[in-house]
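Text of coords_30.txt, listed as compact mmCIF, C-alpha atoms and all ligand atoms:
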# COMPACT_ATOMS: atom_id res chain seq x y z
CA ASP A 1 45.84 -49.70 -71.73
CA GLN A 2 48.11 -46.66 -71.53
CA ILE A 3 47.65 -46.49 -67.76
CA GLU A 4 48.53 -50.16 -67.42
CA LYS A 5 51.63 -49.63 -69.50
CA ASP A 6 52.73 -47.04 -66.99
CA GLY A 7 53.71 -44.58 -69.72
CA PHE A 8 55.83 -47.11 -71.62
CA GLN A 9 55.18 -47.73 -75.30
CA TYR A 10 55.20 -51.49 -74.78
CA TYR A 11 54.49 -53.84 -71.90
CA MET A 12 57.79 -55.53 -72.59
CA GLU A 13 59.82 -52.48 -71.62
CA LYS A 14 57.68 -51.93 -68.55
CA GLU A 15 58.18 -55.55 -67.51
CA ILE A 16 61.94 -55.45 -68.10
CA ARG A 17 62.21 -52.31 -65.99
CA GLU A 18 60.13 -53.82 -63.18
CA GLN A 19 62.76 -56.46 -62.50
CA PRO A 20 64.46 -54.86 -59.49
CA GLU A 21 61.07 -55.08 -57.74
CA SER A 22 59.89 -58.38 -59.20
CA ILE A 23 63.13 -60.15 -58.23
CA LEU A 24 62.78 -58.73 -54.73
CA ARG A 25 59.20 -60.04 -54.51
CA ALA A 26 60.43 -63.51 -55.47
CA PHE A 27 62.77 -63.74 -52.47
CA GLN A 28 61.16 -61.38 -49.99
CA GLY A 29 60.00 -63.17 -46.85
CA ARG A 30 61.75 -66.35 -47.98
CA LEU A 31 65.19 -65.68 -46.52
CA ASN A 32 66.10 -66.28 -42.91
CA ARG A 33 69.31 -64.50 -41.96
CA ASP A 34 69.39 -65.97 -38.47
CA ALA A 35 69.40 -69.45 -39.92
CA GLY A 36 71.41 -68.50 -43.01
CA THR A 37 68.95 -70.32 -45.24
CA ALA A 38 65.78 -70.05 -47.30
CA HIS A 39 62.26 -70.98 -46.40
CA LEU A 40 59.83 -72.19 -49.07
CA GLY A 41 56.60 -73.12 -47.34
CA GLY A 42 54.76 -74.21 -50.48
CA LEU A 43 57.08 -77.16 -51.04
CA ASN A 44 55.11 -79.06 -48.41
CA MET A 45 58.30 -80.94 -47.57
CA GLY A 46 60.02 -81.07 -44.22
CA PRO A 47 63.77 -81.42 -43.65
CA GLN A 48 63.55 -85.20 -43.23
CA GLU A 49 62.04 -85.58 -46.66
CA LEU A 50 64.34 -83.02 -48.29
CA ILE A 51 67.52 -84.54 -46.94
CA ASN A 52 66.67 -87.85 -48.63
CA LEU A 53 66.53 -86.30 -52.09
CA GLU A 54 68.98 -87.82 -54.52
CA ARG A 55 67.95 -86.17 -57.77
CA VAL A 56 66.11 -83.14 -59.10
CA SER A 57 64.56 -83.03 -62.53
CA ILE A 58 63.18 -79.83 -64.02
CA ILE A 59 60.70 -79.71 -66.90
CA ALA A 60 59.64 -76.62 -68.82
CA ALA A 61 59.34 -74.97 -72.24
CA GLY A 62 60.79 -71.85 -73.85
CA THR A 63 62.22 -69.24 -71.50
CA SER A 64 61.11 -71.29 -68.49
CA TYR A 65 63.30 -74.13 -69.74
CA TYR A 66 66.31 -71.84 -69.83
CA ALA A 67 65.52 -70.79 -66.25
CA GLY A 68 65.44 -74.52 -65.47
CA LEU A 69 68.91 -74.97 -66.96
CA VAL A 70 70.22 -72.26 -64.61
CA GLY A 71 68.46 -74.08 -61.77
CA ALA A 72 70.04 -77.42 -62.66
CA TYR A 73 73.48 -75.80 -62.78
CA LEU A 74 72.98 -74.31 -59.30
CA LEU A 75 71.62 -77.48 -57.76
CA GLU A 76 74.46 -79.60 -59.05
CA GLY A 77 77.28 -77.12 -58.53
CA VAL A 78 76.23 -75.52 -55.26
CA ALA A 79 73.86 -77.95 -53.55
CA ARG A 80 75.82 -80.96 -54.94
CA LEU A 81 72.54 -82.55 -55.94
CA PRO A 82 72.31 -84.29 -59.34
CA ALA A 83 69.93 -82.16 -61.39
CA THR A 84 68.84 -81.92 -65.00
CA ALA A 85 66.46 -79.75 -66.99
CA ASP A 86 64.42 -81.22 -69.83
CA LEU A 87 62.03 -79.87 -72.40
CA SER A 88 58.55 -80.87 -71.33
CA SER A 89 57.60 -81.53 -74.96
CA GLU A 90 60.32 -84.17 -75.10
CA ILE A 91 59.96 -85.74 -71.69
CA ARG A 92 56.25 -86.38 -72.11
CA TYR A 93 56.91 -88.80 -74.97
CA ARG A 94 60.15 -90.23 -73.69
CA ASN A 95 58.86 -92.72 -71.16
CA PRO A 96 60.91 -91.11 -68.39
CA VAL A 97 62.30 -93.03 -65.46
CA VAL A 98 61.14 -91.66 -62.11
CA GLU A 99 63.82 -92.48 -59.62
CA LYS A 100 63.32 -93.16 -55.95
CA ASN A 101 63.96 -90.06 -53.83
CA SER A 102 63.71 -87.75 -56.80
CA LEU A 103 61.90 -84.44 -56.98
CA HIS A 104 60.51 -82.81 -60.10
CA PHE A 105 59.81 -79.17 -60.82
CA ALA A 106 57.46 -77.99 -63.55
CA VAL A 107 58.38 -74.40 -64.39
CA SER A 108 55.75 -72.35 -66.19
CA GLN A 109 54.98 -68.64 -66.11
CA SER A 110 51.41 -69.11 -67.31
CA GLY A 111 50.85 -72.45 -65.63
CA GLU A 112 48.92 -73.47 -68.76
CA THR A 113 51.52 -74.68 -71.28
CA ILE A 114 50.07 -77.95 -72.55
CA ASP A 115 53.39 -79.75 -73.02
CA THR A 116 54.45 -78.97 -69.46
CA LEU A 117 51.06 -79.92 -68.06
CA PHE A 118 51.03 -83.26 -69.90
CA ALA A 119 54.61 -83.99 -68.86
CA LEU A 120 53.64 -83.26 -65.26
CA ARG A 121 50.72 -85.69 -65.48
CA GLU A 122 52.85 -88.40 -67.05
CA LEU A 123 55.49 -88.03 -64.33
CA GLN A 124 52.82 -88.15 -61.64
CA ARG A 125 51.39 -91.36 -63.17
CA LYS A 126 54.83 -92.86 -62.69
CA GLY A 127 54.84 -91.89 -59.04
CA ALA A 128 56.78 -88.63 -59.24
CA LYS A 129 56.34 -85.77 -56.85
CA VAL A 130 56.08 -82.68 -59.06
CA LEU A 131 56.23 -79.17 -57.65
CA GLY A 132 55.15 -76.15 -59.67
CA ILE A 133 57.09 -72.93 -60.15
CA CYS A 134 54.39 -70.72 -61.63
CA ASN A 135 53.46 -67.09 -61.87
CA VAL A 136 49.72 -67.25 -62.51
CA VAL A 137 47.99 -68.06 -59.25
CA GLY A 138 45.45 -70.84 -59.51
CA SER A 139 46.65 -71.88 -63.00
CA THR A 140 46.26 -75.50 -64.05
CA ILE A 141 49.88 -76.49 -63.38
CA ALA A 142 49.78 -74.74 -60.01
CA ARG A 143 46.62 -76.66 -59.11
CA GLU A 144 47.69 -80.07 -60.37
CA SER A 145 51.20 -80.04 -58.94
CA ASP A 146 51.98 -81.51 -55.52
CA GLY A 147 52.93 -78.13 -54.08
CA GLY A 148 55.36 -75.50 -55.24
CA THR A 149 56.26 -71.87 -55.19
CA TYR A 150 54.75 -68.86 -56.85
CA ILE A 151 57.23 -66.43 -58.32
CA HIS A 152 55.03 -63.34 -57.66
CA SER A 153 56.22 -61.48 -60.77
CA GLY A 154 52.87 -59.79 -61.24
CA PRO A 155 51.08 -60.05 -64.60
CA GLU A 156 53.39 -60.58 -67.56
CA ILE A 157 51.55 -59.32 -70.64
CA ALA A 158 54.22 -59.11 -73.36
CA VAL A 159 54.45 -62.40 -75.23
CA ALA A 160 58.23 -62.53 -74.83
CA SER A 161 58.95 -63.48 -71.24
CA THR A 162 61.37 -61.30 -69.27
CA LYS A 163 60.62 -60.67 -65.62
CA ALA A 164 59.30 -64.21 -65.18
CA PHE A 165 62.74 -65.57 -66.09
CA THR A 166 64.59 -63.62 -63.39
CA SER A 167 61.96 -64.60 -60.82
CA GLN A 168 62.01 -68.27 -61.81
CA ILE A 169 65.76 -68.42 -61.38
CA THR A 170 65.33 -66.66 -58.01
CA VAL A 171 63.23 -69.60 -56.80
CA PHE A 172 66.05 -71.92 -57.86
CA TYR A 173 68.59 -69.78 -55.98
CA LEU A 174 66.38 -70.12 -52.90
CA PHE A 175 65.89 -73.86 -53.26
CA THR A 176 69.61 -74.31 -53.89
CA LEU A 177 70.43 -72.40 -50.71
CA LEU A 178 67.95 -74.49 -48.73
CA MET A 179 69.37 -77.78 -50.02
CA ALA A 180 73.02 -76.71 -49.82
CA ARG A 181 72.60 -75.58 -46.22
CA MET A 182 71.10 -78.95 -45.28
CA ARG A 183 73.84 -80.85 -47.03
CA HIS A 184 77.19 -79.17 -46.57
CA MET A 185 77.04 -75.38 -46.70
CA SER A 186 78.06 -73.61 -43.50
CA TRP A 187 76.00 -70.90 -41.85
CA ASP A 188 78.40 -68.14 -42.86
CA GLN A 189 78.52 -69.37 -46.45
CA GLY A 190 74.72 -69.32 -46.35
CA LEU A 191 74.84 -65.71 -45.21
CA GLU A 192 77.25 -64.84 -48.01
CA PHE A 193 74.79 -66.39 -50.49
CA ILE A 194 71.93 -64.39 -48.94
CA ASN A 195 73.95 -61.17 -49.14
CA ALA A 196 74.69 -61.81 -52.79
CA LEU A 197 71.04 -62.50 -53.59
CA GLU A 198 69.89 -59.44 -51.68
CA SER A 199 72.25 -57.24 -53.67
CA VAL A 200 70.79 -58.37 -57.01
CA PRO A 201 67.89 -55.86 -57.28
CA ASP A 202 70.25 -52.85 -56.94
CA LYS A 203 72.64 -54.31 -59.50
CA VAL A 204 69.83 -54.91 -61.96
CA ALA A 205 68.63 -51.33 -61.35
CA LYS A 206 72.12 -50.15 -62.20
CA VAL A 207 72.11 -52.14 -65.46
CA LEU A 208 68.78 -50.50 -66.31
CA GLU A 209 70.31 -47.04 -65.90
CA GLY A 210 72.69 -47.77 -68.76
CA THR A 211 70.18 -48.63 -71.45
CA GLU A 212 70.86 -45.65 -73.75
CA HIS A 213 74.13 -47.27 -74.71
CA ILE A 214 72.31 -50.54 -75.45
CA ARG A 215 69.85 -48.62 -77.63
CA SER A 216 72.69 -47.12 -79.64
CA LEU A 217 74.24 -50.56 -80.14
CA ALA A 218 70.91 -51.98 -81.31
CA GLU A 219 70.78 -49.17 -83.86
CA LYS A 220 74.33 -49.79 -84.96
CA TYR A 221 73.76 -53.52 -85.50
CA SER A 222 70.18 -53.45 -86.77
CA ASP A 223 71.19 -54.43 -90.32
CA ALA A 224 72.66 -57.76 -89.24
CA LYS A 225 70.74 -60.80 -90.44
CA ASN A 226 72.29 -63.33 -88.06
CA PHE A 227 73.60 -63.18 -84.51
CA LEU A 228 75.42 -65.60 -82.26
CA PHE A 229 75.07 -65.46 -78.47
CA LEU A 230 77.85 -67.14 -76.56
CA GLY A 231 78.35 -67.90 -72.90
CA ARG A 232 79.56 -70.66 -70.64
CA GLY A 233 78.70 -72.36 -67.39
CA ILE A 234 75.77 -70.78 -65.61
CA ASN A 235 75.66 -68.12 -68.32
CA TYR A 236 75.27 -70.62 -71.14
CA PRO A 237 71.48 -70.71 -70.66
CA VAL A 238 71.60 -66.89 -70.60
CA ALA A 239 73.14 -66.98 -74.09
CA LEU A 240 70.30 -69.26 -75.21
CA GLU A 241 67.79 -66.85 -73.71
CA GLY A 242 69.43 -63.82 -75.34
CA ALA A 243 69.16 -65.50 -78.74
CA LEU A 244 65.54 -66.53 -78.10
CA LYS A 245 64.55 -62.97 -77.14
CA LEU A 246 66.10 -61.56 -80.29
CA LYS A 247 64.43 -64.03 -82.65
CA GLU A 248 61.04 -63.81 -80.91
CA ILE A 249 60.56 -60.08 -81.18
CA SER A 250 62.89 -58.81 -83.91
CA TYR A 251 62.65 -61.86 -86.25
CA ILE A 252 66.40 -61.74 -86.68
CA HIS A 253 68.00 -65.15 -86.84
CA ALA A 254 69.98 -65.79 -83.67
CA GLU A 255 71.54 -68.85 -82.11
CA GLY A 256 72.92 -69.40 -78.65
CA PHE A 257 75.88 -71.66 -78.02
CA SER A 258 78.37 -72.51 -75.37
CA SER A 259 81.35 -70.46 -76.53
CA ALA A 260 83.44 -73.62 -76.10
CA GLU A 261 81.38 -75.27 -78.83
CA ILE A 262 81.99 -72.75 -81.60
CA LYS A 263 85.02 -74.72 -82.79
CA HIS A 264 82.72 -77.69 -83.39
CA GLY A 265 80.68 -75.92 -86.02
CA PRO A 266 79.32 -72.44 -85.38
CA ILE A 267 82.65 -70.74 -86.07
CA ALA A 268 82.04 -71.60 -89.73
CA LEU A 269 79.28 -68.99 -89.65
CA ILE A 270 81.61 -66.18 -88.63
CA ASN A 271 82.23 -63.37 -91.05
CA GLU A 272 82.13 -59.60 -90.79
CA GLU A 273 78.36 -59.58 -91.19
CA THR A 274 77.57 -61.95 -88.32
CA PRO A 275 78.02 -60.30 -84.92
CA SER A 276 78.67 -62.40 -81.82
CA VAL A 277 77.44 -61.37 -78.41
CA PHE A 278 79.79 -62.73 -75.76
CA ILE A 279 78.87 -63.01 -72.09
CA VAL A 280 82.11 -62.48 -70.15
CA PRO A 281 81.74 -62.53 -66.37
CA ASP A 282 84.85 -62.51 -64.17
CA ASP A 283 84.36 -66.12 -63.15
CA HIS A 284 86.53 -69.23 -63.45
CA LEU A 285 85.71 -69.52 -67.17
CA ARG A 286 86.49 -65.92 -68.12
CA ASP A 287 89.86 -66.57 -69.72
CA LYS A 288 88.44 -69.36 -71.84
CA VAL A 289 85.66 -67.09 -73.08
CA VAL A 290 88.20 -64.36 -73.83
CA SER A 291 90.18 -66.74 -75.99
CA ASN A 292 86.99 -67.72 -77.87
CA MET A 293 86.40 -64.00 -78.45
CA LYS A 294 89.86 -63.69 -79.95
CA GLU A 295 89.14 -66.61 -82.27
CA VAL A 296 86.05 -64.82 -83.55
CA LYS A 297 87.93 -61.53 -83.99
CA ALA A 298 90.66 -63.37 -85.90
CA ARG A 299 87.98 -64.38 -88.43
CA ASP A 300 86.75 -60.83 -88.88
CA GLY A 301 83.67 -61.37 -86.73
CA LYS A 302 82.22 -58.37 -84.92
CA VAL A 303 82.08 -58.83 -81.16
CA ILE A 304 79.72 -57.23 -78.67
CA ALA A 305 80.88 -58.14 -75.16
CA LEU A 306 78.97 -58.08 -71.91
CA ALA A 307 81.81 -57.54 -69.49
CA VAL A 308 82.34 -56.63 -65.87
CA GLU A 309 83.00 -52.97 -65.11
CA GLY A 310 86.72 -52.32 -65.29
CA ASP A 311 87.54 -55.24 -67.58
CA ALA A 312 89.69 -53.23 -69.99
CA GLU A 313 91.12 -56.32 -71.63
CA VAL A 314 87.72 -57.47 -72.87
CA ALA A 315 86.80 -53.95 -73.96
CA ALA A 316 90.03 -53.74 -75.98
CA ILE A 317 89.26 -56.96 -77.87
CA ALA A 318 85.55 -56.36 -78.47
CA ASP A 319 84.13 -53.93 -81.01
CA ASP A 320 81.59 -52.79 -78.45
CA THR A 321 81.20 -53.47 -74.75
CA ILE A 322 78.26 -53.32 -72.40
CA PHE A 323 79.52 -53.12 -68.83
CA VAL A 324 77.66 -54.76 -65.97
CA PRO A 325 78.34 -54.34 -62.25
CA LYS A 326 80.67 -56.78 -60.54
CA THR A 327 78.61 -59.51 -58.95
CA HIS A 328 79.15 -62.71 -56.94
CA GLU A 329 80.17 -65.23 -59.60
CA LEU A 330 77.05 -67.38 -59.22
CA PHE A 331 74.73 -64.43 -59.70
CA TYR A 332 75.80 -63.15 -63.13
CA PRO A 333 72.74 -64.52 -64.95
CA TYR A 334 70.70 -61.61 -63.55
CA VAL A 335 72.95 -58.78 -64.68
CA MET A 336 73.76 -60.49 -67.98
CA VAL A 337 70.23 -61.35 -69.09
CA VAL A 338 68.79 -57.87 -68.56
CA PRO A 339 71.01 -56.15 -71.17
CA LEU A 340 70.15 -58.94 -73.62
CA GLN A 341 66.43 -58.36 -73.03
CA MET A 342 66.93 -54.64 -73.66
CA PHE A 343 69.07 -55.31 -76.72
CA ALA A 344 66.32 -57.47 -78.26
CA TYR A 345 63.74 -54.85 -77.31
CA TYR A 346 65.58 -51.95 -78.92
CA MET A 347 66.35 -54.03 -81.99
CA ALA A 348 62.64 -54.83 -82.43
CA LEU A 349 61.73 -51.16 -81.89
CA LYS A 350 64.26 -50.03 -84.46
CA LEU A 351 62.88 -52.55 -86.98
CA GLY A 352 59.31 -51.43 -86.29
CA ARG A 353 58.09 -54.77 -84.95
CA ASP A 354 55.03 -55.25 -82.81
CA VAL A 355 57.06 -55.88 -79.68
CA ASP A 356 54.29 -57.13 -77.40
CA GLN A 357 52.50 -59.29 -79.98
CA PRO A 358 55.14 -60.84 -82.24
CA ARG A 359 53.86 -62.71 -85.26
CA ASN A 360 53.04 -66.42 -84.92
CA LEU A 361 53.62 -66.49 -81.15
CA ALA A 362 51.24 -66.83 -78.23
CA LYS A 363 51.75 -65.97 -74.58
CA SER A 364 50.47 -69.27 -73.44
CA VAL A 365 50.58 -72.29 -75.72
CA THR A 366 47.66 -74.52 -74.85
CA VAL A 367 47.77 -76.61 -78.02
CA GLU A 368 50.37 -79.14 -79.00
C1 LIG A 401 55.35 -69.53 -75.02
C2 LIG A 401 55.75 -68.08 -74.71
C3 LIG A 401 57.17 -68.06 -74.14
C4 LIG A 401 57.26 -68.95 -72.93
C5 LIG A 401 56.80 -70.38 -73.24
C6 LIG A 401 56.62 -71.19 -71.98
O1 LIG A 401 56.11 -69.99 -76.09
O2 LIG A 401 55.67 -67.30 -75.87
O3 LIG A 401 57.49 -66.73 -73.76
O4 LIG A 401 58.56 -68.98 -72.45
O5 LIG A 401 55.55 -70.37 -73.90
O6 LIG A 401 55.57 -70.64 -71.27
P1 LIG A 401 55.27 -70.89 -69.75
O7 LIG A 401 54.02 -70.10 -69.46
O8 LIG A 401 55.05 -72.37 -69.58
O9 LIG A 401 56.42 -70.41 -68.96
Have the structure of the file written as structure tokens, please.
Ligand code: G6P
Amino acid sequence: DQIEKDGFQYYMEKEIREQPESILRAFQGRLNRDAGTAHLGGLNMGPQELINLERVSIIAAGTSYYAGLVGAYLLEGVARLPATADLSSEIRYRNPVVEKNSLHFAVSQSGETIDTLFALRELQRKGAKVLGICNVVGSTIARESDGGTYIHSGPEIAVASTKAFTSQITVFYLFTLLMARMRHMSWDQGLEFINALESVPDKVAKVLEGTEHIRSLAEKYSDAKNFLFLGRGINYPVALEGALKLKEISYIHAEGFSSAEIKHGPIALINEETPSVFIVPDDHLRDKVVSNMKEVKARDGKVIALAVEGDAEVAAIADDTIFVPKTHELFYPYVMVVPLQMFAYYMALKLGRDVDQPRNLAKSVTVE
């Protein structure tokens, strides 16, 4: 056990720290610089079939669902392909419509989640083509799907999923590049996308060098009973994932919201005892997020900001700031989710939780 943990106290920390390599494994051999695009052999779909796609629908549960939300954002915004992500537990009982020229993805680390498997079967009965995005080779979803892509994360042992998330989104970055290049993206824009993706492992490694600061923040805030996680756009699912990580392993109540939504309810929760974690990339929504941060500060809420190195304005507003390296605006989910994983981890450590085996949770949920 100790050898497998590589000297770490918990698998979760080992798996978080593996991400520079696991992300690399997810895209290695799947990028073609000469063509400025991605290659995903397991899709079993040629260009003539791909170009006819009119809709992508993603089904998944838990962390895999949040990866699917990032995927849907990319496919719509970058590949200009209508895309949605749905909870598999909901879609399986919803009598879903399978549209002509649509493609479905079932995302599952374990490949065994019963809700996702049953949703896949129901979609297939209705004539859908469902591709799997799985980690476990030969798992049921991988076998029953009509093709797909392995994420090659290596075994994920800790119940709370970490490295699988960053690898799942990597597959969506690749598929988005492939589709965008076929539809409207130029070769040089494709290369720019490839360069940005290839720079991700080093940026994540850099985030992982700064974890002592995150540990000290977890200690500082470990008495809080409630947390809000707030982000927008492609980082909205990252806020949901940050909240999920914290509740799963520390048992602290946490909710993720679009920061634009706080005025519709969550802001009523703000007081000096409820810290808010704001994700503030330097993208087109930054200024809106900054003004949401100010609204929280004006109500005596404590703010922990994840901001881009050099963003002194955000650091001046927030009570505490975790800086992440500047990144291409589409690629912030990677450098933003890793500090949130570490924050949840250190919080659980500080509270003496069983990080790898949190109460009431299972790694793979094969019952309804
Ligand atoms: C369980 C795990 C989560 C995981 C979810 C979906 O709830 O505890 O970490 O995100 O299942 O699992 P899957 O294997 O389908 O990705």
Check: Using only C-alpha atoms, which residues sit within 7 Å of A:Val324 once same-chain residues fewer than 5 positions away are excluded, as a list in words?
Finding: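 Using only C-alpha atoms, the neighbours found are Val207, Leu306, Ala307, Val308, Glu309 and Val335 of chain A.
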Find the nearest atom pair between each residue of chain A and ligand LIG 401 (chain A) for residues within 8 Å, count all atoms listed in the file, give distances in Å to one decimal, sort rows by chain and ascending number, and present the table as JSON lines.
{"residue": "A:Ala60", "atom": "CA", "partner": "A:LIG401", "partner_atom": "O8", "distance": 6.3}
{"residue": "A:Ala61", "atom": "CA", "partner": "A:LIG401", "partner_atom": "C6", "distance": 4.7}
{"residue": "A:Gly62", "atom": "CA", "partner": "A:LIG401", "partner_atom": "O4", "distance": 3.9}
{"residue": "A:Thr63", "atom": "CA", "partner": "A:LIG401", "partner_atom": "O4", "distance": 3.8}
{"residue": "A:Ser64", "atom": "CA", "partner": "A:LIG401", "partner_atom": "O9", "distance": 4.8}
{"residue": "A:Tyr65", "atom": "CA", "partner": "A:LIG401", "partner_atom": "O4", "distance": 7.5}
{"residue": "A:Val107", "atom": "CA", "partner": "A:LIG401", "partner_atom": "O9", "distance": 6.4}
{"residue": "A:Ser108", "atom": "CA", "partner": "A:LIG401", "partner_atom": "O9", "distance": 3.4}
{"residue": "A:Gln109", "atom": "CA", "partner": "A:LIG401", "partner_atom": "O9", "distance": 3.7}
{"residue": "A:Ser110", "atom": "CA", "partner": "A:LIG401", "partner_atom": "O7", "distance": 3.5}
{"residue": "A:Gly111", "atom": "CA", "partner": "A:LIG401", "partner_atom": "O7", "distance": 5.5}
{"residue": "A:Glu112", "atom": "CA", "partner": "A:LIG401", "partner_atom": "O7", "distance": 6.2}
{"residue": "A:Thr113", "atom": "CA", "partner": "A:LIG401", "partner_atom": "O8", "distance": 4.5}
{"residue": "A:Thr116", "atom": "CA", "partner": "A:LIG401", "partner_atom": "O8", "distance": 6.6}
{"residue": "A:Cys134", "atom": "CA", "partner": "A:LIG401", "partner_atom": "O9", "distance": 7.6}
{"residue": "A:Val159", "atom": "CA", "partner": "A:LIG401", "partner_atom": "O2", "distance": 5.1}
{"residue": "A:Ala160", "atom": "CA", "partner": "A:LIG401", "partner_atom": "O3", "distance": 4.4}
{"residue": "A:Ser161", "atom": "CA", "partner": "A:LIG401", "partner_atom": "O3", "distance": 4.4}
{"residue": "A:Ala164", "atom": "CA", "partner": "A:LIG401", "partner_atom": "O9", "distance": 7.8}
{"residue": "A:Leu361", "atom": "CA", "partner": "A:LIG401", "partner_atom": "O2", "distance": 5.7}
{"residue": "A:Ala362", "atom": "CA", "partner": "A:LIG401", "partner_atom": "O2", "distance": 5.0}
{"residue": "A:Lys363", "atom": "CA", "partner": "A:LIG401", "partner_atom": "O2", "distance": 4.3}
{"residue": "A:Ser364", "atom": "CA", "partner": "A:LIG401", "partner_atom": "C1", "distance": 5.1}
{"residue": "A:Val365", "atom": "CA", "partner": "A:LIG401", "partner_atom": "C1", "distance": 5.6}
Next item on the list: For atom CA of A:Arg33 and atom CA of A:Phe165, determine how far apart the two atoms are, in Å to one decimal place.
Entry: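 These atoms are spaced 25.0 Å apart.
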Next item on the list: Find the distance between atom CA of A:Val337 and atom CA of A:Gly242 and write it in Å to one decimal.
Entry: 6.8 Å
Next item on the list: Determine the nearest neighbour of A:Ala180 from the options A:Val338, A:Leu74, A:Ala35, A:Val303, counting only C-alpha atoms.
Entry: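 Between A:Val338, A:Leu74, A:Ala35, A:Val303, the residue approaching A:Ala180 most closely is A:Leu74.
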Notebook entry, point to check: Quick one: of A:Leu174, A:Ile114, A:Ala316, A:Asp282, who's nearest to A:Thr366, counting all atoms listed in the file?
Noted result: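 Ranking A:Leu174, A:Ile114, A:Ala316, A:Asp282 by distance to A:Thr366, first place goes to A:Ile114.
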Next item on the list: Figure out the distance between atom CA of A:Phe193 and atom CA of A:Thr176, please, to one decimal in Å.
Entry: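 Answer for the atom CA of A:Thr176 to atom CA of A:Phe193 separation: 10.1 Å.
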Notebook entry, point to check: Which neighbours of A:Ile133 fall inside 7 Å, counting only C-alpha atoms, when residues of the same chain fewer than 2 positions from it are skipped, and could you give them as a ChimeraX atom specification?
Noted result: /A:105-108,131,148-151,168
Notebook entry, point to check: Which of these, A:Glu368, A:Asp354, A:Asp86, A:Glu99, has the shortest distance to A:Tyr10 once you count all atoms listed in the file?
Noted result: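 Of the candidates, the smallest distance to A:Tyr10 is held by A:Asp354.
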Notebook entry, point to check: Skipping near chain neighbours, those fewer than 3 positions away, what residues fall within 10 Å of A:Glu144 using all atoms listed in the file, listed as a list in words?
Noted result: Gly111, Leu117, Leu120, Arg121, Gln124, Val130, Leu131, Gly132, Gly138, Ser139, Thr140, Ile141 and Gly147 of chain A
Next item on the list: Would you list the contacts of A:Phe172 as a PyMOL selection string, taking every protein, DNA or RNA residue within 9 Å and counting only C-alpha atoms, but skipping same-chain residues closer than 4 positions in sequence?
Entry: chain A and resi 67-68+70-72+74-75+167-168+176-177
Next, the residues of the selection above should be written as a short mmCIF file (atom, residue, chain, number, x, y, z; two decimals), keeping the file's coordinate frame with C-alpha atoms.
data_model
loop_
_atom_site.label_atom_id
_atom_site.label_comp_id
_atom_site.auth_asym_id
_atom_site.auth_seq_id
_atom_site.Cartn_x
_atom_site.Cartn_y
_atom_site.Cartn_z
CA ALA A 67 65.52 -70.79 -66.25
CA GLY A 68 65.44 -74.52 -65.47
CA VAL A 70 70.22 -72.26 -64.61
CA GLY A 71 68.46 -74.08 -61.77
CA ALA A 72 70.04 -77.42 -62.66
CA LEU A 74 72.98 -74.31 -59.30
CA LEU A 75 71.62 -77.48 -57.76
CA SER A 167 61.96 -64.60 -60.82
CA GLN A 168 62.01 -68.27 -61.81
CA THR A 176 69.61 -74.31 -53.89
CA LEU A 177 70.43 -72.40 -50.71
#
Check: For A:Leu340, which residue among A:Leu240, A:Ile270, A:Val296, A:Ala312 is the nearest when counting only C-alpha atoms?
Finding: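 Going through A:Leu240, A:Ile270, A:Val296, A:Ala312 one by one, the smallest distance to A:Leu340 is for A:Leu240.
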Check: Using only C-alpha atoms, which of A:Thr162, A:Ser102, A:Ser291, A:Ser153 sits nearest A:Arg25?
Finding: A:Ser153
Notebook entry, point to check: Could you name the residues that touch A:Glu54 at 9 Å or less, counting all atoms listed in the file, but leaving out those on the same chain fewer than 6 positions away, as a PyMOL selection string?
Noted result: chain A and resi 81-83+99-103
Item checked: Selected residue, from A:Ser22, A:Gln357, A:Thr170, A:Asn271, that lies nearest to A:Glu248 when counting all atoms listed in the file -> A:Gln357
Dig up all the protein and nucleic acid residues within 9 Å of (69.0, -51.2, -77.3) in the file frame, using all atoms listed in the file, and format them as a compact mmCIF listing (two decimals) with C-alpha atoms, in the coordinates of the input.
# COMPACT_ATOMS: atom_id res chain seq x y z
CA THR A 211 70.18 -48.63 -71.45
CA GLU A 212 70.86 -45.65 -73.75
CA HIS A 213 74.13 -47.27 -74.71
CA ILE A 214 72.31 -50.54 -75.45
CA ARG A 215 69.85 -48.62 -77.63
CA SER A 216 72.69 -47.12 -79.64
CA LEU A 217 74.24 -50.56 -80.14
CA ALA A 218 70.91 -51.98 -81.31
CA GLU A 219 70.78 -49.17 -83.86
CA PRO A 339 71.01 -56.15 -71.17
CA LEU A 340 70.15 -58.94 -73.62
CA GLN A 341 66.43 -58.36 -73.03
CA MET A 342 66.93 -54.64 -73.66
CA PHE A 343 69.07 -55.31 -76.72
CA ALA A 344 66.32 -57.47 -78.26
CA TYR A 345 63.74 -54.85 -77.31
CA TYR A 346 65.58 -51.95 -78.92
CA MET A 347 66.35 -54.03 -81.99
CA ALA A 348 62.64 -54.83 -82.43
CA LEU A 349 61.73 -51.16 -81.89
CA LYS A 350 64.26 -50.03 -84.46
